[in-house]
Every structure is written in C-alpha cells, then in structure tokens.
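Chemist: Just passing along the structure, written as structure tokens.
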Amino acid sequence: MTLTVIWLLPLVGSGLIAFIPPRFAKWLGVVVALAALAVAAGVAFSFEPGYRGYQYSEAVPWIPQLRVFYRLGVDGISLWLVVLNAFLTVVAILATPIATRHLNRFVALMLAMSAGLAGVFMATDLVLFYVFWEAMLIPAYFLLWIFGEGDRPARAALKFVLYTLAGSLLMLVGVIGEYVFTGKQTFDLATLATLAPSPSIQFGLFSVFALAFAIKTPLFPFHSWLPDAYAAAPTPMLITFAGVMGKAGAYGFLRIAVPLFPEPVGWWDWRWVVPVLAVAAIIWGALMAIAQRDMKLLVAYSSVSHMGFIVLGIFSYNVQGQQGAILQMVNHGIIISALFLIVAWISDRAGTRDRSAMAGLAARMPVMAGVFIVVTLAALGLPGLNSFAGEFMTLLGAWQRAPALALFGAIGLVLAPVYMLRLFQGVMQGPPAGPVPRSDIYIGQLLLLAPLVILMFVIGLDPNALTSLMTSLGQAGLAR
Amino acid sequence: MSTSQLALLVLLLPLAGMVLLAGRGWRMPRIVTVIVGPGVVWASFAGTLALFFGNAHGDFTYWTWIKSGSFEVPFNLLVDNLSIFMCLVITGVGALIVTYSVGYMEHEDGPSYARFFTYMDVFIFSMLLLVLAGNFVFLIVGWAMVGLSSYLLIGFWYQRRSAVLAARKAFVMNVIGDVGMILGAFVLFVTYHSVTYSNVFAQLNFCNASLGCHLNAHVVTDSPTLELAAFFLLVGAIAKSAQLPLHTWLPDAMEGPTPVSALIHAATMVTAGVYLIGRMHPIYDIATYAHGTVAIIGAVTALFAATIAIVQTDIKRVLAYSTMSQIGYMFLAVGVGAYAAAFFHLLAHAFFKALLFMAAGNVIHALHDEQDMRKYGGLFRQLPRTSWSFLIGSLALVGVIPLVGFFSKEQILGAALSKPNDSLALAVWVVGAATALITGFYTGRMWWMAFGGKPSPERALERPHEARLVMLVPVMILAVLTVVGGFIQTRALGIGPSAVSDFLASVVGPVGWEEGAGVVVVGLLTMVLGAVLFLAAYRFYVQRSWKTWSARLPWAQRLLERKYYFDEIYNAAFVRPMDAVADLGMRDIEEPVLDGAVVGAGHAAVAGASSLSLTQSGYFRNYVLVFVGGAVVAAVLLLIRASS
C-alpha cells in the first residue's frame, strides 16, 4: 500500500485542490506534496540495499482475462527517481507565485502530473506503466496550454503532445507485441526480463519502445519539441517538467528497452545506434546552447546535452555507466531546476530573457551572482559538485564499452564551460550595461534554492549515499 | 593527534577559513578578514611543519566516495615526502603571499576584500587536495578546483572585460587538461582495476613505506596501454603548467591581482604538472615515448617562452613568459628522469619568482597600477629595498652563483648533459643551455628598463613611495631564502649537501647518474655567459640601441610581439569555427530540418492513433503482426525523415 499512497495522495490532493479557493491552494498543495515526499523518503530510508528484485511490491489483478495486473514496486533504478519526483514537486509548488491566475487549477494540475510520474517510476507491469505514461501527458498538456508563456503556448502544447503521442502510441504496439512474442502472456516486467524473443523481433519491439523513450528524453534528433515546450512552460512547471519528466524517457530505456531486449539486432544493431545518438545529443545540445541568446533556451539546450550523458551511461551496458546514469538523472533534476529558477528570476528583474541585452548585474545583485556561480559550476560538471560523479561514471562506463564513445562524449565536458560561463559571465560580469535590476534575490527565493544547492554539495561529497542503494538493481538485465 | 587527523587538519584549515569568510566575513570588520585570511594558511603551514618534523608517512582512508561494482573510490590522503615537500611550498610561500595581499589589496572595499581572501583560501585548499590526494579521482577533483580558484582570481576584477575573458580562457583550457586527466584515469582503471595510487603503483612494481602496498605478483607493464595513459595525463600536465601548445591562457592570466600571479601563476599551481609527472614516475619510467615527449615539450617551451619575453613591455607579462620558460626546465628535468632536480628547481623557482612578482607588485602599487616598463626607469634609487629584492630575484632567475637559481638550474642542465647514452637528453641540454643565455638577456632587459637609467618622462609619479611593511617583509624573507636556499643542495658544483634530493629519494628515487667535473665547468661557463648577457642588456635598453635592432628585423619583432600568432591561430582554428558551426546548425539544421520533422511526426501520430484504436476491441491477436510491421516501417520512416 505504501507505494500506492505515493501516487494516489497527490492525485486525491489534486482533485480536492481544483475546487477550493485559490488562496488556500498553494499551501494545501505544499502539504500534500510534503506528505508524498515523507512517504517516499520513508521508503528510501527503509530500502534494503543488495536485495535482488522489487521491494514494497504490490500486485492486484486488474484485467484478469489479459493477465494485466496492478503491480507496483521499487528497486535501485526507480527508488531515487520516486524521491526526486516527490522532492521537486514540493520545490515546484513552493516556487509558484501566489499571483498566478487560477492558482488552484495550476497546483492541481502540477500534483496530477507528479502523480502520473510517480506511477511511471513505480509501475512494474507493462500495461500499468503505459497507462501512467499516457496519464502524465494530460496534465502536462493543460499546464502548457493554459499557463504557458510567450506568443503561442497552445501551439507549443499541441506540438509537444502530438510528438510525444506519436511515440507512445507506437509503444502500445510494442506492449502488445511483448505480450505475444515472449509466449508467456504476461505483462510482468520482472518475468519479461527473463524472456527474450528472437533478435529480429527484439529489433522491432526495441524500435517502437526506443522511439517513445527517445522522444520523451529527448534524444537527438527527436528533441525539437523541447525548445518550444520549455520556452512556453511556466517556471514552476519546468521544475517537474524538465527536472523529472525528461527522466521518464531515460528511465524507460533503463527499465524496459535495455533489460527486455538484450539483443535488438536486425537491419542494424540498436545497442550501438543509441549510444552514438547519445553522443550526438551531447555535442549538438552543447552547440545549440552556445548559439542561444535566450537564457531559457540556452538552459533548455544544455539539458539536451546532459540527457545525452545519461543515455550514454545506460547504453554502456555496465554497472558504472548505468549507476552513473541514475545518479546523473537525480543530479540533472536538481541542477536544471535551480538553473531555470535563477534564469527566470534574472529575466524578471531585467525585463528580458536575452542574455546579450544585459551585463554586469553582479554589482546590483551580489547574492544572486554568488548562488548563480555555484549552480553554473555544478552544471558544467565541476569536480567536487554533484554532476561530476555522474558524468565521470557515465563516461567511464562508455569508455569500457568503446573508448571512442567516451572520447567524443568528453567534448561535451569541454563545451559545457563555454556556454555556461558565457551565460554567467555575460549576464553577471563585465562593465554594467542594459537594464538596472530592481533588487537582489529575495530571502524567500534564496531559501527555496538552498535545499537544491545543499544537495549539490552533499551529493558531490558523498555520491555513495545514492549509489550504495543501487547495488543490486533488481532486474537481471541491468549489469549485463 | 594522529598523523591521519593532522593531515586532514592541514587540508581543511584553509577550507574553514574560506567558509568563514564567504559566509559572514564580508559583513564583519575588516580586521577579521586580515586575521582569518592569512591566519588559516599559517596554521596549515604549522601543521605541515609538524608532519615534516614528525617524519609522517602513510596512506589514510577517510570514507568511501563511491563504490560501483569493481569501481571503488575512497577519499584517501597520501602523506609521503613528496606530498609534504609540496605542502611546505604551498603553505609556506602561500602564507607569505597571502600576508602580502593584506597590503596589496588594501584599496578594495570590504566585501571585495573578503572575497579576495575567500578565493585565496579556496586555492590553498584545492592545491593541498591536489598534492595530498591518494587516488586519481581526488587528484582530478583538486586539479579542477585549482583551475576554478585560478578562474575566480583571474576574473577577480570582474567589471573589467579583459579580466572576464582571460578568466574564461584559462578555465576552458584547463578543462581540456581535466578531460585528459579523466581519460588517463579511465585507461588506468580499465588496466589495473583500481584508481588508488597504491594499487596502481604496486602493479607497476613500485612500492614504499608511505604507500603501504605490497608488490603484486603479477606485474602489468603493458607499455602501449601505459603510453596511452601517460599521454592523457600529460595533456592535463601541460594545460595546467602552461606548456606548449596549451599555454596561451597564462599570459592573459596576468589580468588577476599581482599576489595571485605570484602564488598561482608562478609559485604553485602552474608547477602542478611537474608534480603530476613526478608523482606518476612509475608510469613514465615505463612509458618511454610519453616520457621523451615531456622532455621535448619542456625544452621547446623553455626556449619559445624565453624568446617572447625579450619583446614584452608589460613587466608582469615578462615574468609570466619567464615562468613558462622555467617550468619548461622542470619538464625537461622530469622528462630526462632527473625528478629530484626538477623538484629542487620547483622550490627555487617558488622562492625567486614569488619574490620577483611581489617586488614587481610593490612597483606597480607605488606607480598607481602602471605595468608598462617603458614608463618606469630609474627606480633603483627611489625604491631601494624593493629594487635590491628584485635584483636578487633577477640574478637568481639568470642563475648567478651562489643564488638558489644557479644550483637548481645547473643541476637540471648538468643531469641532462651527463645522462649516459641518451641523445635526446643531449639535445634538450643544448636547447636548455641556449635558453639560459636568452634568460640572461631578457632578465637584464627587464631590470635595466625598469630600475636602471633615468625615470621615463611618461612616468605617472616623480617620487614613488616604498611599500608598507606588510608588503616589504614577505619580499625580504623571500630574498633571504633566495640567497641562502641554494646551500641546502649544492650538487651542481659536484660537492656538498643534497638535502632536497635525499628527502625525496624515497618517492622519486635518486638521480641515477653522476655529473663529472667537465659538466660542472660547462655549467659555470653558461652561467658566466648568461651573466654577461644580463650586463649587455644595459647597452641595448638603457642606451636605447635596441630600436635600431628591431628596425633591422621588423618581422622578428612582430612575430615575437604577436607571440608566434598562437592566439590568432586558435581563434581561427577552434573558437570561430565552433561559433560558426553552432550558428549555422541552429539556422540551417535545427530549425528547418529537425523541427520540420515534427510536423511529420504529428501526422504519423494522428494516423497511428486512429488505426490503433482497433486494438481496443480485444480481438487483436491476429492483427498484431501487421501492426508491428507497420510500426517498424513508421519508425524507420521517421528516422529517415528526421535525419535527412
């Protein structure tokens, strides 16, 4: 029941909050999100490392004729993502301005999206996974459509949803195919991981699953929904949208594509195509970030580059790369949230998102500059902060698979300081120019960022706190 | 207190200072900054002295940083004579320079003043971590953290555009080095299944009491693998030590305040590459190609930088190029296997180059931030103490007996010249000796231009004032060390003690060959020639006859003034193409092609949705094959459309 609470609680809270007056919405939302976080944290504290298989498992027949079960469980792969989702939901709702119109609906949709994400990370039945996968899309669509920024948020919302649907409907075909071709007529992920159809069938099934995951992640060249959607998304939404939902794609690769299809070889070998695309994403995302003047888009493209490291780690097919990928999913969730928040606060004060329109803001906002440099350094993977451990491990994994992958992936490490420092230095340093900011960072904003920044240091110093619970990743396919 | 606690304390004291200053210091009275900033470095120096006199050694593990399958990284500190030696240099010279900064930075306002000492303490912490780390991962952490502190301090005056650009350039070039180190660590991990020094070195047949390891029965000395690792690590070393071809950031780094140049860009951080190769000598001793490359890079850089120093007019830039050149000597020494000689020169250079930078800082401070030597002249009588100190430093740089620079440099050249059966060592000796002569000339030029002759008509002040005591005392202490320091190791003359080499022998081994009397005579001869050129520079620069020379060879003058066009070439070859590709990619690929494909994907999704709705009926088994086939076709079509 514990795991059911983690996704049902926000969903029930969402239903309630949609109908209460807006002025109570934020704080009730925070309470609900905190409660979900408390349960998730409890699961993490009592999680047994070294245990093979799922913990806190729940299984109830759902559609018995088709052997569809309501199955939940957490293991080393999903545990930290469940915690990350619960944690960032709290941050996101706290970051929501009280002045937002229809605040109650906004908070309700955020909680609903968080519930869907939690379900994706905990489902251990393929059909249930699919249901949650599609379910989280609905609140995301409405959030973008109703609360989006910019000229045409509705268009960005539609583009995002159609692109994602294109992938996920094909995934449904894959789900059915899995049921048929493995011959056991089950949707249980643990069982499916022990059964593999012939390579050519695996090739086909992998293709449809991988497409869905590649779009969601997003992986090069399926990322073009991202700039529009991220540009349109309101900042609090971005915290869960960019911080967690992107990880659902990478999680799908790790949970389903890799263990269920160990040999997806047909016209070509997917085990090599995907990591090559990941390296392309690392470099392409970084180059696009370099070309951007819009701060929000710059951060969005940096995300494409960073997700490339995660996918590269997953497709290293070794324990360092895959643990590094999970670690990096958590790290990236923390860093990208902080970056989007800071960029939004700076644009609010400067009145524009164009980084070339301002300079030397540090003189007027020294504290903001201090926090910004820490987050910048975390984002560019400074050793000692959290991202370094994850990137090091994913690249180490890639090196052991094929040195060339790590070698080209490492170009991303060199390009990251180029775009991150151009952003930080361009905005904060140099002779002051452009708009004069009204104020430095507010205390409330600083307090909101504090847990994120503290985590950057804590995980940087002791990544083992996270990886030690990933020792036995439950699924047979992981350390293949 | 046990050795492990003491080592941790030495490391963490500067960090504590940084936390204090960053957290509250800038709101506290200035005196807090003045006490805490240098105080923690002095305390750390005291702790290092305790380690030194306590004859401490050992490999101490504090916690497990990460464990992932066979990849296990502890946080461990290696205390041995090499790390203690480095810690002494870092905290000793560091404490003097940080104390000097109390005076040099006096014109900064409160928050900015505290910020400076915060960064300095971060630097000392990072540098200590670099030399104390007992495994490759924390070596990389320290390595990158010194890069960060260097970045922060170069860009200290962040409202100057040139400082901001110089800081970014230094950071990016150092990240290239970090990536080299990371890849080197990968190679070693894959080969030796460990990233701790003790495990890796044990498998390379190298152990000592501090490492506390046992020789492994099966020694892996696969030399192609080791060559690869050694070359990757070398990328890190040359980026950090500003050797060719990753050197262009160092001259620009002079945008930072002068104490920063003295501490980071002369005495300590830039010598990290030498430490690295000395520390990794079990690898380089086997990887002979990489080892030879070290010597060649060192020799070429020494000569290259010395020639550029001849035409620079900014006093700090002359010193920056001379630093590159002197580190080139250290690379040359580790490259021919004379590790102990390299570390002696590292120590000597820390003394006399920190001295030169701080004395130059006194001049710059006295002349209201003027760095152009053409606007100096005639300072000798007006700033006597600073001038004498600068003269001592200059003569040590030239290598005049009996200053410390003579003994250290001649030992390097002597080791190269007398290395038996090694034509490479002989070749680098020729380059090194030629560089020694050029060094005499450019140092003389600097001295005479700045201090000799009459005051330049363009000088801002008629009567500059000598610096405050807090800025003079550290300079004079270093001047004394420069004078007497050579007597701890006089092997360059073939006689007397060799304290540094003996101390380090347990880690880097003794220099395996003896210098003959002939080599000593040759060494004395180069010294005399260098000194003559130092004096000859008087004719060229005080009497201004250099103008006719540069008029006669305009292309040479321009080539040197443009620093062999490295910046221009790198801009044309890397920076501009990167920006062009990024802009072109955004305009011609990202928006029209990749985004254009979304429309197709949208249509495919709609089509897919309507056909798949049939599956909801429940009678789907017969259709599955068709659907899977269709899905694959759709996926392939999408792929093709998206990537076209």
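By order of appearance in the structure tokens: chains A, B, ..., then residues from 1 within every chain, and ligands from 1 in the order shown.
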Show me, as number ranges by chain, the residues that have an atom within 12 Å of A:Phe45 when counting only C-alpha atoms, minus same-chain residues fewer than 5 positions from it.
Modeler: A: 38-40, 79-80, 83, 465-466, 469
Chemist: Run DSSP on the backbone of this structure and report the residues of stretch 355-403 of chain A it assigns to alpha helix (DSSP H), as a VMD selection string.
Modeler: chain A and resid 366 to 379 386 to 401 403
Chemist: With a cut-off of 8 Å and counting only C-alpha atoms, select all residues of chain A in contact with chain B and give the selection as a compact mmCIF listing (two decimals) with N, CA and C atoms, in the first residue's frame.
Modeler:
```
# COMPACT_ATOMS: atom_id res chain seq x y z
N LYS A 159 2.16 20.74 -30.13
CA LYS A 159 3.34 20.13 -30.74
C LYS A 159 3.94 19.09 -29.79
N LEU A 162 1.44 16.03 -29.52
CA LEU A 162 1.37 15.18 -30.71
C LEU A 162 2.68 14.43 -30.92
N TYR A 163 3.78 15.13 -30.71
CA TYR A 163 5.08 14.47 -30.90
C TYR A 163 5.22 13.31 -29.91
N LEU A 165 2.82 11.73 -28.36
CA LEU A 165 1.84 10.68 -28.66
C LEU A 165 2.31 9.81 -29.81
N ALA A 166 2.92 10.44 -30.80
CA ALA A 166 3.40 9.67 -31.94
C ALA A 166 4.28 8.53 -31.46
N GLY A 167 5.13 8.85 -30.48
CA GLY A 167 5.99 7.81 -29.94
C GLY A 167 5.23 6.83 -29.07
N LEU A 169 2.07 5.97 -28.81
CA LEU A 169 1.10 5.04 -29.39
C LEU A 169 1.81 3.87 -30.04
N LEU A 170 2.97 4.15 -30.64
CA LEU A 170 3.75 3.04 -31.17
C LEU A 170 4.20 2.14 -30.04
N VAL A 173 1.85 -0.57 -29.31
CA VAL A 173 2.05 -1.72 -30.19
C VAL A 173 3.14 -2.62 -29.61
N GLY A 174 4.18 -1.97 -29.12
CA GLY A 174 5.27 -2.74 -28.52
C GLY A 174 4.81 -3.50 -27.30
N ILE A 176 1.89 -4.67 -26.67
CA ILE A 176 1.13 -5.85 -27.11
C ILE A 176 2.08 -6.89 -27.71
N GLY A 177 3.01 -6.41 -28.48
CA GLY A 177 3.97 -7.32 -29.10
C GLY A 177 4.73 -8.12 -28.05
N VAL A 180 2.68 -10.95 -26.81
CA VAL A 180 2.50 -12.03 -27.78
C VAL A 180 3.79 -12.81 -27.98
N GLY A 204 12.43 -5.14 -33.70
CA GLY A 204 11.21 -4.39 -33.97
C GLY A 204 10.63 -3.78 -32.70
N LEU A 205 10.56 -4.60 -31.65
CA LEU A 205 9.96 -4.11 -30.41
C LEU A 205 10.82 -3.00 -29.81
N SER A 207 12.63 -0.98 -31.36
CA SER A 207 12.47 0.23 -32.17
C SER A 207 11.30 1.07 -31.68
N VAL A 208 10.15 0.41 -31.43
CA VAL A 208 8.99 1.21 -31.07
C VAL A 208 9.12 1.75 -29.65
N LEU A 211 11.74 4.56 -29.67
CA LEU A 211 11.28 5.81 -30.26
C LEU A 211 10.50 6.63 -29.22
N PRO A 221 17.88 12.83 -32.79
CA PRO A 221 17.35 14.09 -33.32
C PRO A 221 15.86 14.29 -33.04
N PHE A 222 15.38 13.80 -31.90
CA PHE A 222 13.94 13.87 -31.62
C PHE A 222 13.63 14.96 -30.60
N HIS A 223 14.48 15.98 -30.51
CA HIS A 223 14.36 16.92 -29.41
C HIS A 223 13.65 18.22 -29.78
N SER A 224 13.12 18.32 -31.01
CA SER A 224 12.72 19.66 -31.43
C SER A 224 11.46 20.15 -30.76
N TRP A 225 10.72 19.27 -30.06
CA TRP A 225 9.59 19.79 -29.27
C TRP A 225 10.08 20.56 -28.06
N LEU A 287 26.31 22.66 -28.68
CA LEU A 287 26.49 23.67 -29.73
C LEU A 287 25.27 24.59 -29.83
N MET A 288 24.08 23.99 -29.72
CA MET A 288 22.88 24.82 -29.80
C MET A 288 22.80 25.77 -28.60
N ILE A 290 25.38 27.03 -27.19
CA ILE A 290 26.34 28.10 -27.48
C ILE A 290 25.72 29.15 -28.39
N ALA A 291 24.86 28.68 -29.32
CA ALA A 291 24.28 29.61 -30.29
C ALA A 291 23.14 30.44 -29.71
N VAL A 319 27.86 -1.69 -15.06
CA VAL A 319 27.27 -1.19 -13.83
C VAL A 319 27.69 0.26 -13.55
N GLN A 320 28.94 0.63 -13.89
CA GLN A 320 29.36 2.01 -13.63
C GLN A 320 28.54 2.99 -14.47
N GLN A 323 24.74 2.94 -13.18
CA GLN A 323 24.58 3.63 -11.90
C GLN A 323 24.86 5.12 -12.07
N GLY A 360 27.02 42.81 -16.29
CA GLY A 360 27.48 43.39 -15.03
C GLY A 360 26.43 43.47 -13.95
N LEU A 382 31.75 20.62 -12.45
CA LEU A 382 32.98 20.85 -11.69
C LEU A 382 33.21 19.69 -10.71
N PRO A 383 34.38 19.08 -10.74
CA PRO A 383 34.68 18.04 -9.76
C PRO A 383 34.52 18.58 -8.34
N GLY A 384 33.87 17.80 -7.51
CA GLY A 384 33.57 18.24 -6.16
C GLY A 384 32.09 18.54 -5.99
N PHE A 392 31.37 11.45 -14.63
CA PHE A 392 32.56 10.60 -14.59
C PHE A 392 32.16 9.14 -14.78
N LEU A 396 33.00 6.75 -17.79
CA LEU A 396 33.80 5.55 -17.50
C LEU A 396 33.11 4.32 -18.07
N TRP A 399 33.56 4.41 -21.76
CA TRP A 399 34.94 4.08 -22.14
C TRP A 399 35.13 2.56 -22.14
N GLN A 400 34.52 1.90 -21.17
CA GLN A 400 34.70 0.45 -21.10
C GLN A 400 33.95 -0.25 -22.22
N LEU A 407 35.41 9.33 -25.64
CA LEU A 407 36.26 10.38 -26.20
C LEU A 407 35.42 11.50 -26.81
N ALA A 410 33.31 13.28 -24.20
CA ALA A 410 34.08 14.22 -23.39
C ALA A 410 34.14 15.61 -24.02
N LEU A 413 32.12 17.87 -22.21
CA LEU A 413 32.68 18.45 -20.99
C LEU A 413 33.44 19.73 -21.27
N VAL A 414 34.05 19.80 -22.46
CA VAL A 414 34.82 21.00 -22.81
C VAL A 414 33.88 22.12 -23.26
N PRO A 417 31.64 24.40 -20.17
CA PRO A 417 32.06 25.69 -19.61
C PRO A 417 31.95 26.82 -20.62
N VAL A 418 32.03 26.52 -21.91
CA VAL A 418 31.91 27.60 -22.89
C VAL A 418 30.54 28.24 -22.79
N LEU A 421 29.71 29.49 -18.93
CA LEU A 421 30.42 30.69 -18.49
C LEU A 421 30.04 31.90 -19.34
N GLN A 425 29.00 34.79 -17.07
CA GLN A 425 29.85 35.98 -17.14
C GLN A 425 29.17 37.09 -17.93
N GLN A 429 28.88 39.65 -15.17
CA GLN A 429 30.16 40.33 -15.07
C GLN A 429 30.36 41.33 -16.21
N GLY A 430 31.53 41.94 -16.21
CA GLY A 430 31.82 42.97 -17.20
C GLY A 430 31.29 44.31 -16.71
N PRO A 431 31.52 45.36 -17.50
CA PRO A 431 31.02 46.68 -17.11
C PRO A 431 29.49 46.66 -17.16
N PRO A 432 28.81 47.16 -16.12
CA PRO A 432 27.36 47.11 -16.09
C PRO A 432 26.75 47.78 -17.30
N LEU A 461 29.98 15.38 -2.42
CA LEU A 461 30.92 14.83 -1.44
C LEU A 461 30.67 13.36 -1.17
N ASP A 462 29.41 12.94 -1.26
CA ASP A 462 29.09 11.57 -0.88
C ASP A 462 28.10 10.94 -1.84
N PRO A 463 28.50 10.79 -3.11
CA PRO A 463 27.57 10.17 -4.06
C PRO A 463 27.24 8.73 -3.67
N ASN A 464 28.10 8.17 -2.82
CA ASN A 464 27.87 6.79 -2.43
C ASN A 464 26.57 6.63 -1.65
N THR A 467 24.46 5.84 -4.62
CA THR A 467 24.79 4.64 -5.40
C THR A 467 24.78 3.39 -4.54
N SER A 468 24.98 3.53 -3.23
CA SER A 468 25.02 2.32 -2.41
C SER A 468 23.67 1.62 -2.40
N THR A 471 23.04 -0.95 -5.50
CA THR A 471 23.96 -2.09 -5.65
C THR A 471 23.34 -3.23 -6.41
```
Chemist: Mind pulling up the distance from atom CA of B:Ala348 to atom CA of B:Phe406?
Modeler: 9.2 Å
Chemist: Could you pull out the strand (DSSP E or B) residues of stretch 236-397 of chain A, going by DSSP on the backbone, and write them as a list in words?
Modeler: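 Everything in stretch 236-397 of chain A that counts as strand (DSSP E or B) is Val265, Asp269, Asp294, Asp354, Ala359, Pro383 and Leu385 of chain A.
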Chemist: Now that the selection is made, can you save its residues with all heavy atoms as an mmCIF file, in the first residue's frame?
Modeler:
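Listing of out_13.cif after writing:
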```
data_model
loop_
_atom_site.group_PDB
_atom_site.id
_atom_site.type_symbol
_atom_site.label_atom_id
_atom_site.label_comp_id
_atom_site.auth_asym_id
_atom_site.auth_seq_id
_atom_site.Cartn_x
_atom_site.Cartn_y
_atom_site.Cartn_z
ATOM 1 N N VAL A 265 18.945 -6.813 -32.568
ATOM 2 C CA VAL A 265 19.761 -6.722 -33.772
ATOM 3 C C VAL A 265 18.935 -7.127 -34.976
ATOM 4 O O VAL A 265 18.350 -8.204 -35.002
ATOM 5 C CB VAL A 265 20.983 -7.658 -33.664
ATOM 6 C CG1 VAL A 265 21.911 -7.437 -34.828
ATOM 7 C CG2 VAL A 265 21.692 -7.438 -32.351
ATOM 8 N N ASP A 269 22.273 -2.689 -35.420
ATOM 9 C CA ASP A 269 22.358 -3.064 -34.016
ATOM 10 C C ASP A 269 22.033 -1.845 -33.157
ATOM 11 O O ASP A 269 22.812 -0.910 -33.060
ATOM 12 C CB ASP A 269 23.778 -3.576 -33.717
ATOM 13 C CG ASP A 269 23.861 -4.177 -32.328
ATOM 14 O OD1 ASP A 269 22.942 -3.930 -31.513
ATOM 15 O OD2 ASP A 269 24.843 -4.887 -32.057
ATOM 16 N N ASP A 294 18.782 33.555 -25.923
ATOM 17 C CA ASP A 294 17.694 33.473 -24.954
ATOM 18 C C ASP A 294 18.146 32.567 -23.806
ATOM 19 O O ASP A 294 18.444 31.399 -24.004
ATOM 20 C CB ASP A 294 16.463 32.893 -25.663
ATOM 21 C CG ASP A 294 15.262 32.833 -24.751
ATOM 22 O OD1 ASP A 294 15.438 32.529 -23.564
ATOM 23 O OD2 ASP A 294 14.142 33.081 -25.229
ATOM 24 N N ASP A 354 16.960 37.916 -23.071
ATOM 25 C CA ASP A 354 18.106 37.968 -23.983
ATOM 26 C C ASP A 354 19.375 38.253 -23.176
ATOM 27 O O ASP A 354 19.532 39.327 -22.602
ATOM 28 C CB ASP A 354 17.873 39.077 -25.001
ATOM 29 C CG ASP A 354 18.970 39.104 -26.045
ATOM 30 O OD1 ASP A 354 19.994 38.421 -25.847
ATOM 31 O OD2 ASP A 354 18.803 39.813 -27.048
ATOM 32 N N ALA A 359 24.459 43.136 -18.764
ATOM 33 C CA ALA A 359 25.826 42.801 -18.350
ATOM 34 C C ALA A 359 26.094 43.415 -16.996
ATOM 35 O O ALA A 359 25.453 44.385 -16.596
ATOM 36 C CB ALA A 359 26.837 43.329 -19.378
ATOM 37 N N PRO A 383 34.384 19.085 -10.739
ATOM 38 C CA PRO A 383 34.683 18.043 -9.761
ATOM 39 C C PRO A 383 34.524 18.577 -8.345
ATOM 40 O O PRO A 383 34.971 19.678 -8.038
ATOM 41 C CB PRO A 383 36.132 17.688 -10.065
ATOM 42 C CG PRO A 383 36.274 17.975 -11.506
ATOM 43 C CD PRO A 383 35.422 19.197 -11.744
ATOM 44 N N LEU A 385 31.438 18.923 -7.077
ATOM 45 C CA LEU A 385 29.986 19.096 -7.014
ATOM 46 C C LEU A 385 29.318 17.872 -7.644
ATOM 47 O O LEU A 385 29.969 17.023 -8.228
ATOM 48 C CB LEU A 385 29.578 20.398 -7.709
ATOM 49 C CG LEU A 385 30.089 21.649 -6.992
ATOM 50 C CD1 LEU A 385 29.780 22.898 -7.780
ATOM 51 C CD2 LEU A 385 29.479 21.756 -5.607
#
```
Chemist: Give the answer as one residue: which of A:Leu254, A:Leu260, A:Leu72, A:Leu144 has the shortest atom-to-atom distance to A:Ile201, using only C-alpha atoms?
Modeler: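 Closest candidate: A:Leu260.
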